[in-house]
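Structure file upload_5.csv with CSV, C-alpha atoms and all ligand atoms:
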```csv
chain,number,residue,atom,x,y,z
A,638,MET,CA,-31.7,50.9,92.7
A,639,THR,CA,-31.3,48.1,95.2
A,640,LEU,CA,-27.9,47.0,96.4
A,641,ILE,CA,-28.4,43.3,97.1
A,642,ASP,CA,-26.9,42.2,100.4
A,643,GLY,CA,-25.0,39.0,99.8
A,644,ARG,CA,-23.7,38.8,103.4
A,645,ALA,CA,-27.3,38.9,104.7
A,646,ILE,CA,-28.3,36.1,102.3
A,647,SER,CA,-25.3,34.1,103.3
A,648,LYS,CA,-26.2,34.5,107.0
A,649,ALA,CA,-29.7,33.3,106.4
A,650,ILE,CA,-28.4,30.2,104.5
A,651,LEU,CA,-25.9,29.4,107.2
A,652,GLU,CA,-28.6,29.4,109.9
A,653,GLY,CA,-30.3,26.6,108.0
A,654,VAL,CA,-26.9,24.8,107.6
A,655,THR,CA,-26.3,25.1,111.3
A,656,ALA,CA,-29.6,23.4,112.0
A,657,GLY,CA,-28.8,20.7,109.4
A,658,VAL,CA,-25.4,20.0,111.0
A,659,ALA,CA,-27.0,19.7,114.5
A,660,GLU,CA,-29.4,17.1,113.2
A,661,LEU,CA,-26.6,15.1,111.6
A,662,ARG,CA,-24.4,15.3,114.7
A,663,ALA,CA,-27.3,14.2,116.9
A,664,ALA,CA,-27.6,11.1,114.6
A,665,GLY,CA,-23.8,10.4,115.1
A,666,THR,CA,-22.5,12.0,111.8
A,667,THR,CA,-20.0,14.8,111.8
A,668,PRO,CA,-20.2,16.3,108.3
A,669,ALA,CA,-16.7,16.8,106.9
A,670,LEU,CA,-15.4,18.7,103.9
A,671,ALA,CA,-12.0,18.1,102.3
A,672,ILE,CA,-10.5,21.2,100.7
A,673,VAL,CA,-7.7,20.3,98.3
A,674,VAL,CA,-5.5,23.3,97.6
A,675,PRO,CA,-3.1,22.7,94.7
A,676,THR,CA,-2.1,26.4,94.4
A,677,ASP,CA,-0.6,29.2,96.4
A,678,ASP,CA,-2.7,31.8,94.6
A,679,GLU,CA,-3.5,34.6,97.1
A,680,ALA,CA,-7.2,35.0,96.1
A,681,THR,CA,-7.8,31.2,96.4
A,682,ALA,CA,-6.1,31.3,99.8
A,683,TRP,CA,-8.5,33.9,101.0
A,684,TYR,CA,-11.5,31.8,99.8
A,685,VAL,CA,-10.1,28.7,101.6
A,686,ARG,CA,-9.7,30.6,104.8
A,687,SER,CA,-13.3,31.9,104.5
A,688,ILE,CA,-14.6,28.4,103.9
A,689,VAL,CA,-12.7,27.1,107.0
A,690,ARG,CA,-13.9,29.9,109.2
A,691,ALA,CA,-17.6,29.5,108.1
A,692,ALA,CA,-17.3,25.7,108.5
A,693,GLU,CA,-16.1,26.1,112.1
A,694,ARG,CA,-19.0,28.3,112.9
A,695,VAL,CA,-21.6,25.9,111.6
A,696,GLY,CA,-19.9,22.8,113.0
A,697,ILE,CA,-18.6,21.2,109.8
A,698,GLU,CA,-15.2,19.7,110.0
A,699,ALA,CA,-12.9,21.2,107.3
A,700,ARG,CA,-9.8,19.3,106.4
A,701,ARG,CA,-7.4,21.3,104.3
A,702,ILE,CA,-4.9,19.4,102.1
A,703,ASP,CA,-2.1,21.5,100.7
A,704,LEU,CA,-0.6,20.2,97.5
A,705,HIS,CA,1.2,23.2,96.1
A,706,GLY,CA,3.0,22.5,92.8
A,707,THR,CA,1.5,19.0,92.7
A,708,THR,CA,1.5,16.6,89.7
A,709,ALA,CA,-1.7,15.3,88.0
A,710,VAL,CA,-0.9,11.8,89.3
A,711,GLU,CA,-0.5,12.9,92.9
A,712,LEU,CA,-3.7,15.1,92.7
A,713,VAL,CA,-5.8,12.3,91.2
A,714,THR,CA,-4.5,9.8,93.8
A,715,GLU,CA,-5.5,12.2,96.6
A,716,LEU,CA,-9.0,12.9,95.2
A,717,ALA,CA,-9.6,9.1,94.7
A,718,ALA,CA,-8.5,8.4,98.3
A,719,LEU,CA,-10.8,11.1,99.6
A,720,SER,CA,-13.6,9.8,97.5
A,721,ALA,CA,-13.2,6.4,99.1
A,722,ASP,CA,-12.8,7.8,102.7
A,723,PRO,CA,-16.1,7.2,104.6
A,724,ALA,CA,-15.2,10.0,107.0
A,725,VAL,CA,-15.3,12.6,104.2
A,726,HIS,CA,-18.6,13.8,102.8
A,727,GLY,CA,-17.7,16.6,100.5
A,728,ILE,CA,-14.6,17.4,98.4
A,729,ILE,CA,-13.7,20.7,96.7
A,730,CYS,CA,-10.5,21.0,94.6
A,731,GLN,CA,-9.5,24.7,94.4
A,732,THR,CA,-8.4,26.3,91.1
A,733,PRO,CA,-6.2,27.5,89.5
A,734,LEU,CA,-4.5,24.2,89.0
A,735,PRO,CA,-0.8,23.8,88.2
A,736,LYS,CA,0.0,24.3,84.5
A,737,GLY,CA,-1.1,21.5,82.2
A,738,ILE,CA,-3.7,20.1,84.6
A,739,THR,CA,-7.4,20.9,84.0
A,740,LEU,CA,-10.3,20.7,86.5
A,741,ASP,CA,-12.3,18.5,84.0
A,742,GLN,CA,-9.4,16.0,84.1
A,743,VAL,CA,-9.0,15.7,87.8
A,744,GLY,CA,-12.7,16.3,88.6
A,745,GLN,CA,-13.5,12.9,87.2
A,746,HIS,CA,-11.9,11.4,90.3
A,747,ILE,CA,-14.2,13.1,92.7
A,748,ALA,CA,-17.1,10.8,93.5
A,749,PRO,CA,-20.3,12.5,92.3
A,750,ALA,CA,-22.0,11.9,95.7
A,751,LYS,CA,-19.2,14.0,97.3
A,752,ASP,CA,-18.8,16.5,94.5
A,753,VAL,CA,-20.1,19.5,96.4
A,754,ASP,CA,-18.6,22.1,94.0
A,755,GLY,CA,-19.7,20.3,90.8
A,756,ALA,CA,-16.2,19.7,89.4
A,757,ASN,CA,-16.9,16.2,87.9
A,758,PRO,CA,-18.0,16.5,84.3
A,759,GLU,CA,-20.5,13.8,85.2
A,760,SER,CA,-22.1,16.3,87.6
A,761,LEU,CA,-22.4,18.9,84.8
A,762,GLY,CA,-23.9,16.3,82.5
A,763,ARG,CA,-26.5,15.3,85.0
A,764,LEU,CA,-27.3,18.9,85.6
A,765,ALA,CA,-27.8,19.3,81.8
A,766,ALA,CA,-30.0,16.2,81.8
A,767,GLY,CA,-32.2,17.5,84.7
A,768,LEU,CA,-31.0,14.7,87.0
A,769,PRO,CA,-30.0,15.3,90.6
A,770,ALA,CA,-26.5,16.5,90.9
A,771,PHE,CA,-24.4,19.1,92.7
A,772,ALA,CA,-23.8,22.3,90.7
A,773,PRO,CA,-20.8,24.5,91.3
A,774,ALA,CA,-21.6,26.7,94.4
A,775,THR,CA,-21.0,29.9,92.5
A,776,ALA,CA,-23.5,29.0,89.8
A,777,GLN,CA,-26.0,28.0,92.5
A,778,ALA,CA,-25.4,31.4,94.3
A,779,VAL,CA,-26.6,33.2,91.1
A,780,VAL,CA,-30.0,31.5,91.2
A,781,GLU,CA,-30.3,31.5,95.0
A,782,ILE,CA,-29.8,35.3,95.1
A,783,LEU,CA,-32.4,35.8,92.3
A,784,GLN,CA,-34.9,33.6,94.1
A,785,ARG,CA,-34.4,35.3,97.4
A,786,GLU,CA,-34.8,38.7,95.8
A,787,GLN,CA,-38.0,37.4,94.3
A,788,THR,CA,-36.9,38.1,90.7
A,789,PRO,CA,-39.3,36.5,88.3
A,790,LEU,CA,-37.4,33.9,86.2
A,791,GLU,CA,-40.1,32.0,84.4
A,792,GLY,CA,-40.2,33.4,80.8
A,793,ALA,CA,-37.7,36.1,81.7
A,794,ASP,CA,-34.9,37.0,79.3
A,795,VAL,CA,-31.7,36.2,81.2
A,796,VAL,CA,-28.3,36.9,79.6
A,797,VAL,CA,-25.2,35.2,81.0
A,798,VAL,CA,-21.8,36.6,80.0
A,799,GLY,CA,-19.2,33.8,80.3
A,800,ARG,CA,-19.4,30.0,79.5
A,801,SER,CA,-16.9,28.4,81.9
A,802,ASN,CA,-17.7,25.0,83.3
A,803,VAL,CA,-17.4,26.5,86.8
A,804,VAL,CA,-19.7,29.5,86.4
A,805,GLY,CA,-21.3,30.5,83.2
A,806,LYS,CA,-22.4,27.2,81.8
A,807,PRO,CA,-23.9,25.7,85.0
A,808,ALA,CA,-25.5,29.0,85.9
A,809,ALA,CA,-27.2,29.0,82.4
A,810,LEU,CA,-28.4,25.4,83.0
A,811,LEU,CA,-29.8,26.2,86.4
A,812,LEU,CA,-31.6,29.3,85.0
A,813,LEU,CA,-33.0,27.2,82.1
A,814,ALA,CA,-34.4,24.8,84.7
A,815,GLU,CA,-36.2,27.8,86.2
A,816,ASN,CA,-37.8,28.3,82.8
A,817,ALA,CA,-35.9,31.5,81.9
A,818,THR,CA,-35.1,32.2,78.3
A,819,VAL,CA,-31.3,32.0,78.5
A,820,THR,CA,-28.7,33.6,76.2
A,821,ILE,CA,-25.0,32.8,76.8
A,822,CYS,CA,-22.4,35.3,75.6
A,823,HIS,CA,-18.7,34.8,75.4
A,824,SER,CA,-15.5,36.2,73.9
A,825,ARG,CA,-16.6,35.5,70.3
A,826,THR,CA,-20.0,37.2,70.7
A,827,ARG,CA,-20.7,39.9,68.1
A,828,ASP,CA,-22.1,43.1,69.6
A,829,LEU,CA,-22.2,42.1,73.2
A,830,ALA,CA,-24.1,45.1,74.3
A,831,ALA,CA,-27.0,44.4,71.9
A,832,HIS,CA,-27.4,41.0,73.6
A,833,THR,CA,-26.9,42.1,77.2
A,834,ARG,CA,-29.4,45.0,76.8
A,835,GLN,CA,-32.1,42.4,76.3
A,836,GLY,CA,-31.6,40.9,79.7
A,837,ASP,CA,-34.3,41.3,82.4
A,838,VAL,CA,-31.5,39.6,84.4
A,839,LEU,CA,-27.8,40.0,83.5
A,840,VAL,CA,-25.2,37.7,84.9
A,841,ALA,CA,-21.6,38.8,84.6
A,842,ALA,CA,-19.0,36.0,84.9
A,843,VAL,CA,-16.1,37.1,82.7
A,844,GLY,CA,-13.1,37.9,84.9
A,845,ARG,CA,-12.5,41.4,83.5
A,846,ALA,CA,-12.6,44.3,85.9
A,847,ARG,CA,-15.5,46.7,85.3
A,848,MET,CA,-16.0,45.5,81.8
A,849,LEU,CA,-19.8,45.9,81.7
A,850,GLY,CA,-21.1,49.5,81.8
A,851,ALA,CA,-24.4,51.4,81.5
A,852,GLU,CA,-24.6,50.7,77.8
A,853,HIS,CA,-24.8,46.9,78.5
A,854,VAL,CA,-27.8,47.1,80.9
A,855,LYS,CA,-31.5,47.2,80.2
A,856,PRO,CA,-33.2,49.8,82.4
A,857,GLY,CA,-34.5,48.1,85.5
A,858,ALA,CA,-32.6,44.9,85.0
A,859,VAL,CA,-31.3,42.8,87.9
A,860,VAL,CA,-27.5,42.5,87.6
A,861,ILE,CA,-25.6,39.6,89.2
A,862,ASP,CA,-21.9,40.4,89.3
A,863,VAL,CA,-19.8,37.2,89.7
A,864,GLY,CA,-16.5,38.7,88.9
A,865,THR,CA,-13.8,38.9,91.6
A,866,ASN,CA,-10.9,40.8,90.1
A,867,PRO,CA,-8.0,41.9,92.3
A,868,THR,CA,-7.0,45.5,92.1
A,869,PRO,CA,-3.4,46.7,92.4
A,870,ASP,CA,-4.1,48.2,95.8
A,871,GLY,CA,-5.2,44.8,97.2
A,872,GLY,CA,-8.9,45.4,96.8
A,873,LEU,CA,-11.5,43.5,94.8
A,874,VAL,CA,-13.8,44.7,91.9
A,875,GLY,CA,-16.4,43.0,89.9
A,876,ASP,CA,-17.0,42.6,86.1
A,877,VAL,CA,-19.6,45.4,86.3
A,878,ASP,CA,-18.8,49.1,86.6
A,879,THR,CA,-21.2,49.4,89.5
A,880,GLU,CA,-21.2,53.2,89.6
A,881,ALA,CA,-22.0,53.6,85.9
A,882,VAL,CA,-24.7,50.9,86.1
A,883,GLU,CA,-26.4,52.1,89.3
A,884,PRO,CA,-28.6,54.7,87.6
A,885,VAL,CA,-29.8,52.2,85.0
A,886,ALA,CA,-30.2,48.9,86.9
A,887,GLY,CA,-33.1,47.9,89.1
A,888,ALA,CA,-30.8,45.9,91.5
A,889,ILE,CA,-27.2,44.8,91.6
A,890,THR,CA,-24.9,42.6,93.7
A,891,PRO,CA,-21.9,44.5,95.0
A,892,VAL,CA,-18.3,43.2,95.0
A,893,PRO,CA,-17.3,42.4,97.7
A,894,GLY,CA,-20.4,41.5,99.6
A,895,GLY,CA,-22.5,39.9,96.8
A,896,VAL,CA,-22.1,36.5,95.2
A,897,GLY,CA,-18.9,35.6,97.1
A,898,PRO,CA,-20.4,35.1,100.6
A,899,VAL,CA,-23.4,33.3,99.2
A,900,THR,CA,-21.0,30.9,97.3
A,901,THR,CA,-19.3,30.0,100.6
A,902,ALA,CA,-22.7,29.4,102.4
A,903,LEU,CA,-24.0,27.2,99.5
A,904,LEU,CA,-20.8,25.1,99.4
A,905,LEU,CA,-21.4,24.2,103.1
A,906,ARG,CA,-25.1,23.6,102.4
A,907,ASN,CA,-24.0,21.1,99.8
A,908,VAL,CA,-21.8,19.4,102.4
A,909,VAL,CA,-24.8,18.9,104.6
A,910,THR,CA,-26.8,17.5,101.7
A,911,ALA,CA,-23.9,15.1,100.9
A,912,ALA,CA,-23.6,14.0,104.5
A,913,ARG,CA,-27.3,13.1,104.6
A,914,GLY,CA,-26.6,10.7,101.8
A,1001,LIG,N1,-17.5,34.8,93.6
A,1001,LIG,C1,-17.2,33.5,93.4
A,1001,LIG,O1,-17.6,32.6,94.1
A,1001,LIG,C2,-16.4,33.2,92.2
A,1001,LIG,C3,-16.0,34.1,91.3
A,1001,LIG,N2,-15.4,33.8,90.2
A,1001,LIG,C4,-15.0,35.0,89.3
A,1001,LIG,O2,-15.9,34.9,88.2
A,1001,LIG,C5,-15.2,35.4,87.0
A,1001,LIG,C6,-15.3,34.3,85.9
A,1001,LIG,O3,-14.7,33.2,86.4
A,1001,LIG,P1,-14.5,31.9,85.4
A,1001,LIG,O4,-15.8,31.5,84.8
A,1001,LIG,O5,-13.8,30.9,86.2
A,1001,LIG,O6,-13.5,32.5,84.3
A,1001,LIG,P2,-13.0,31.9,82.9
A,1001,LIG,O7,-11.8,32.7,82.6
A,1001,LIG,O8,-12.9,30.5,83.0
A,1001,LIG,O9,-14.2,32.3,81.9
A,1001,LIG,C7,-14.4,33.6,81.5
A,1001,LIG,C8,-15.5,33.6,80.4
A,1001,LIG,O10,-15.7,34.9,80.0
A,1001,LIG,C9,-15.6,35.0,78.6
A,1001,LIG,N3,-15.1,36.2,78.1
A,1001,LIG,C10,-13.8,36.7,78.2
A,1001,LIG,N4,-13.6,37.9,77.7
A,1001,LIG,C11,-14.8,38.2,77.2
A,1001,LIG,C12,-15.3,39.4,76.5
A,1001,LIG,N5,-14.5,40.4,76.2
A,1001,LIG,N6,-16.6,39.4,76.2
A,1001,LIG,C13,-17.4,38.4,76.5
A,1001,LIG,N7,-17.0,37.3,77.1
A,1001,LIG,C14,-15.7,37.2,77.5
A,1001,LIG,C15,-14.8,33.8,78.1
A,1001,LIG,O11,-15.2,33.5,76.8
A,1001,LIG,P3,-14.5,32.2,76.0
A,1001,LIG,O12,-15.1,31.0,76.6
A,1001,LIG,O13,-14.9,32.5,74.6
A,1001,LIG,O14,-13.0,32.3,76.3
A,1001,LIG,C16,-15.2,32.8,79.2
A,1001,LIG,O15,-16.3,32.0,78.8
A,1001,LIG,C17,-13.8,35.7,87.5
A,1001,LIG,O16,-13.7,37.1,87.8
A,1001,LIG,C18,-13.6,34.8,88.7
A,1001,LIG,O17,-12.7,35.4,89.6
A,1001,LIG,C19,-15.1,32.5,89.8
A,1001,LIG,C20,-15.5,31.5,90.6
A,1001,LIG,C21,-16.1,31.8,91.9
A,1002,LIG,N1,-13.1,25.0,92.6
A,1002,LIG,C1,-13.2,26.3,92.9
A,1002,LIG,N2,-14.5,26.8,93.1
A,1002,LIG,C2,-14.6,28.1,93.4
A,1002,LIG,O1,-15.7,28.6,93.7
A,1002,LIG,C3,-13.4,28.9,93.4
A,1002,LIG,C4,-12.2,28.3,93.1
A,1002,LIG,N3,-12.1,27.0,92.8
A,1002,LIG,N4,-11.1,29.1,93.1
A,1002,LIG,C5,-11.1,30.5,93.5
A,1002,LIG,C6,-12.4,31.1,93.1
A,1002,LIG,C7,-12.7,32.4,93.9
A,1002,LIG,N5,-13.8,32.2,94.7
A,1002,LIG,C8,-14.4,33.1,95.6
A,1002,LIG,C9,-15.4,32.8,96.5
A,1002,LIG,C10,-15.8,33.7,97.4
A,1002,LIG,C11,-15.3,35.0,97.5
A,1002,LIG,C12,-15.7,36.0,98.5
A,1002,LIG,O2,-16.5,35.7,99.4
A,1002,LIG,N6,-15.2,37.2,98.5
A,1002,LIG,C13,-15.6,38.3,99.4
A,1002,LIG,C14,-14.6,39.3,99.6
A,1002,LIG,C15,-13.1,38.9,99.7
A,1002,LIG,C16,-12.2,40.1,99.9
A,1002,LIG,O3,-12.6,41.2,100.4
A,1002,LIG,O4,-11.0,39.9,99.5
A,1002,LIG,C17,-16.8,39.0,98.9
A,1002,LIG,O5,-17.1,38.9,97.6
A,1002,LIG,O6,-17.5,39.6,99.6
A,1002,LIG,C18,-14.3,35.3,96.6
A,1002,LIG,C19,-13.8,34.4,95.6
A,1002,LIG,C20,-14.3,31.0,94.5
A,1002,LIG,N7,-13.5,30.3,93.7
```
Go through the file and emit its structure as structure tokens.
Amino acid sequence: MTLIDGRAISKAILEGVTAGVAELRAAGTTPALAIVVPTDDEATAWYVRSIVRAAERVGIEARRIDLHGTTAVELVTELAALSADPAVHGIICQTPLPKGITLDQVGQHIAPAKDVDGANPESLGRLAAGLPAFAPATAQAVVEILQREQTPLEGADVVVVGRSNVVGKPAALLLLAENATVTICHSRTRDLAAHTRQGDVLVAAVGRARMLGAEHVKPGAVVIDVGTNPTPDGGLVGDVDTEAVEPVAGAITPVPGGVGPVTTALLLRNVVTAARG
């Protein structure tokens, strides 16, 4: 069983990002990311700090805009202003959003060219149509990890558990583009384990601590655990019961140290892509 090292993958991606930033700066452009934070959620705050830290290291300017308890109108106005600001190349709007506001709604006001976390439904549509678009960084991280681990995807049976617009759905579209045979499971799926046991690759994006056990995993499968569930003692666990699955799986991403750090690196890579225009 291989424990996949997400931090090492993140480091390798960030080296490429640093080189890309240097090129842009030499040509007179300082790549800039706007991070809109409409929540005081603690897990989100951690993610934002980690984006800002990584951005500083690679030379990307990170502008943080705190809008706790904002209204839909205020949020949309801010996203539209950032979309029109030539000094801003990438925009990410953090979730969760205040009650009654959905990311699909406000995401429409992020210009697709700056939509580095794929929040605009237009970006998701373009992704589905096979047109160039930014995918959410987390969904990209799933595929990037599989590719770097040299997991064959063409013709492989890949099972994604979860169908959110941020993770499950775009991850399934990206895997389909790699010619995998993709099954998407969700809360209404009958006999989840019967499906997940077919997966040469299993992607868990549910948001339920340690929900998937040994009975859900095909022997030798590569398991990508996207879940980041806070524990009462301030820790973090995935959607997969890693200890139970270890004797069955071929490889697995740990939580922490798996998909999370790769997500941050890919978000910044997207900013460089956006800044290149
Ligand atoms: N590492 C990272 O970078 C990131 C990690 N995450 C983590 O990934 C996880 C998923 O996030 P997100 O997609 O936003 O979550 P959502 O809550 O939006 O979606 C969860 C999905 O899981 C499905 N689901 C819920 N319960 C079950 C069940 N019992 N059996 C099968 N499917 C079920 C839901 O089905 P239905 O559609 O039917 O309701 C839904 O499609 C969370 O732990 C989140 O913290 C999220 C973003 C980034
Ligand atoms: N629009 C939007 N896009 C997101 O991608 C998004 C979001 N909103 N809102 C919040 C969630 C959460 N999320 C994480 C990313 C990285 C880690 C991460 O790197 N975690 C570390 C550990 C953190 C710790 O130890 O506490 C790791 O997994 O190794 C965690 C969580 C992205 N999210």
Exercise. Interatomic distance between CA of Val797 (chain A) and atom N1 of ligand LIG 1001 (chain A)?
Worked result: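 Spanning CA of Val797 (chain A) to atom N1 of ligand LIG 1001 (chain A) is a straight-line distance of 14.8 Å.
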For this session: Can you tell me which residues come within 7 Å of ligand LIG 1001 (chain A) when counting only C-alpha atoms and all ligand atoms, ideally as a PyMOL selection string?
Result: chain A and resi 775+798-805+822-826+829+842-845+863-866+875-876+896-897+900
Output file for the residues above (C-alpha atoms, as a tab-separated table (two decimals), in the frame of the given file):
```tsv
chain	number	residue	atom	x	y	z
A	775	THR	CA	-21.00	29.90	92.50
A	798	VAL	CA	-21.80	36.60	80.00
A	799	GLY	CA	-19.20	33.80	80.30
A	800	ARG	CA	-19.40	30.00	79.50
A	801	SER	CA	-16.90	28.40	81.90
A	802	ASN	CA	-17.70	25.00	83.30
A	803	VAL	CA	-17.40	26.50	86.80
A	804	VAL	CA	-19.70	29.50	86.40
A	805	GLY	CA	-21.30	30.50	83.20
A	822	CYS	CA	-22.40	35.30	75.60
A	823	HIS	CA	-18.70	34.80	75.40
A	824	SER	CA	-15.50	36.20	73.90
A	825	ARG	CA	-16.60	35.50	70.30
A	826	THR	CA	-20.00	37.20	70.70
A	829	LEU	CA	-22.20	42.10	73.20
A	842	ALA	CA	-19.00	36.00	84.90
A	843	VAL	CA	-16.10	37.10	82.70
A	844	GLY	CA	-13.10	37.90	84.90
A	845	ARG	CA	-12.50	41.40	83.50
A	863	VAL	CA	-19.80	37.20	89.70
A	864	GLY	CA	-16.50	38.70	88.90
A	865	THR	CA	-13.80	38.90	91.60
A	866	ASN	CA	-10.90	40.80	90.10
A	875	GLY	CA	-16.40	43.00	89.90
A	876	ASP	CA	-17.00	42.60	86.10
A	896	VAL	CA	-22.10	36.50	95.20
A	897	GLY	CA	-18.90	35.60	97.10
A	900	THR	CA	-21.00	30.90	97.30
```
Problem set entry | Proximity to Leu811 (chain A) - best of A:Ala765, A:Leu661, A:Ala851, A:Ile747, all atoms listed in the file | A:Ala765
Exercise. At what distance in Å, to one decimal, does CA of Thr818 (chain A) lie from CA of Thr901 (chain A)?
Worked result: 27.4 Å
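With all atoms listed in the file as the atoms that count, the residue of A:Ala809, A:Ile782, A:Ala692, A:Val877 with the shortest distance to Leu761 (chain A) is A:Ala809.
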Place N, CA and C atoms on region 840-862 of chain A and deliver the coordinates as a JSON list (two decimals), in the coordinates of the input.
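What ended up in result-v1.json:
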```json
[["chain", "number", "residue", "atom", "x", "y", "z"],
["A", 840, "VAL", "N", -26.17, 38.32, 84.07],
["A", 840, "VAL", "CA", -25.20, 37.70, 84.90],
["A", 840, "VAL", "C", -23.82, 37.86, 84.31],
["A", 841, "ALA", "N", -22.90, 38.47, 85.07],
["A", 841, "ALA", "CA", -21.60, 38.80, 84.60],
["A", 841, "ALA", "C", -20.57, 37.80, 85.18],
["A", 842, "ALA", "N", -19.98, 36.91, 84.37],
["A", 842, "ALA", "CA", -19.00, 36.00, 84.90],
["A", 842, "ALA", "C", -17.85, 35.88, 83.86],
["A", 843, "VAL", "N", -17.12, 36.98, 83.75],
["A", 843, "VAL", "CA", -16.10, 37.10, 82.70],
["A", 843, "VAL", "C", -14.69, 37.11, 83.28],
["A", 844, "GLY", "N", -14.49, 37.82, 84.38],
["A", 844, "GLY", "CA", -13.10, 37.90, 84.90],
["A", 844, "GLY", "C", -12.39, 39.12, 84.34],
["A", 845, "ARG", "N", -13.13, 40.18, 83.98],
["A", 845, "ARG", "CA", -12.50, 41.40, 83.50],
["A", 845, "ARG", "C", -13.07, 42.59, 84.29],
["A", 846, "ALA", "N", -12.17, 43.28, 84.99],
["A", 846, "ALA", "CA", -12.60, 44.30, 85.90],
["A", 846, "ALA", "C", -13.45, 45.39, 85.21],
["A", 847, "ARG", "N", -14.63, 45.64, 85.75],
["A", 847, "ARG", "CA", -15.50, 46.70, 85.30],
["A", 847, "ARG", "C", -15.82, 46.73, 83.83],
["A", 848, "MET", "N", -15.86, 45.55, 83.22],
["A", 848, "MET", "CA", -16.00, 45.50, 81.80],
["A", 848, "MET", "C", -17.42, 45.92, 81.30],
["A", 849, "LEU", "N", -18.44, 45.64, 82.11],
["A", 849, "LEU", "CA", -19.80, 45.90, 81.70],
["A", 849, "LEU", "C", -20.26, 47.28, 82.25],
["A", 850, "GLY", "N", -20.69, 48.17, 81.35],
["A", 850, "GLY", "CA", -21.10, 49.50, 81.80],
["A", 850, "GLY", "C", -22.58, 49.76, 81.51],
["A", 851, "ALA", "N", -22.98, 51.00, 81.65],
["A", 851, "ALA", "CA", -24.40, 51.40, 81.50],
["A", 851, "ALA", "C", -24.96, 50.94, 80.17],
["A", 852, "GLU", "N", -24.14, 50.99, 79.12],
["A", 852, "GLU", "CA", -24.60, 50.70, 77.80],
["A", 852, "GLU", "C", -24.95, 49.18, 77.61],
["A", 853, "HIS", "N", -24.54, 48.35, 78.60],
["A", 853, "HIS", "CA", -24.80, 46.90, 78.50],
["A", 853, "HIS", "C", -26.09, 46.51, 79.26],
["A", 854, "VAL", "N", -26.74, 47.46, 79.93],
["A", 854, "VAL", "CA", -27.80, 47.10, 80.90],
["A", 854, "VAL", "C", -29.15, 47.64, 80.46],
["A", 855, "LYS", "N", -30.15, 46.76, 80.46],
["A", 855, "LYS", "CA", -31.50, 47.20, 80.20],
["A", 855, "LYS", "C", -32.04, 47.95, 81.44],
["A", 856, "PRO", "N", -32.74, 49.05, 81.23],
["A", 856, "PRO", "CA", -33.20, 49.80, 82.40],
["A", 856, "PRO", "C", -34.11, 48.91, 83.28],
["A", 857, "GLY", "N", -33.78, 48.93, 84.57],
["A", 857, "GLY", "CA", -34.50, 48.10, 85.50],
["A", 857, "GLY", "C", -34.04, 46.73, 85.73],
["A", 858, "ALA", "N", -33.04, 46.30, 84.96],
["A", 858, "ALA", "CA", -32.60, 44.90, 85.00],
["A", 858, "ALA", "C", -31.95, 44.59, 86.39],
["A", 859, "VAL", "N", -32.01, 43.29, 86.74],
["A", 859, "VAL", "CA", -31.30, 42.80, 87.90],
["A", 859, "VAL", "C", -29.94, 42.28, 87.47],
["A", 860, "VAL", "N", -28.87, 42.83, 88.05],
["A", 860, "VAL", "CA", -27.50, 42.50, 87.60],
["A", 860, "VAL", "C", -26.79, 41.71, 88.69],
["A", 861, "ILE", "N", -26.34, 40.50, 88.32],
["A", 861, "ILE", "CA", -25.60, 39.60, 89.20],
["A", 861, "ILE", "C", -24.12, 39.65, 88.79],
["A", 862, "ASP", "N", -23.27, 40.20, 89.62],
["A", 862, "ASP", "CA", -21.90, 40.40, 89.30],
["A", 862, "ASP", "C", -21.03, 39.29, 89.96]]
```
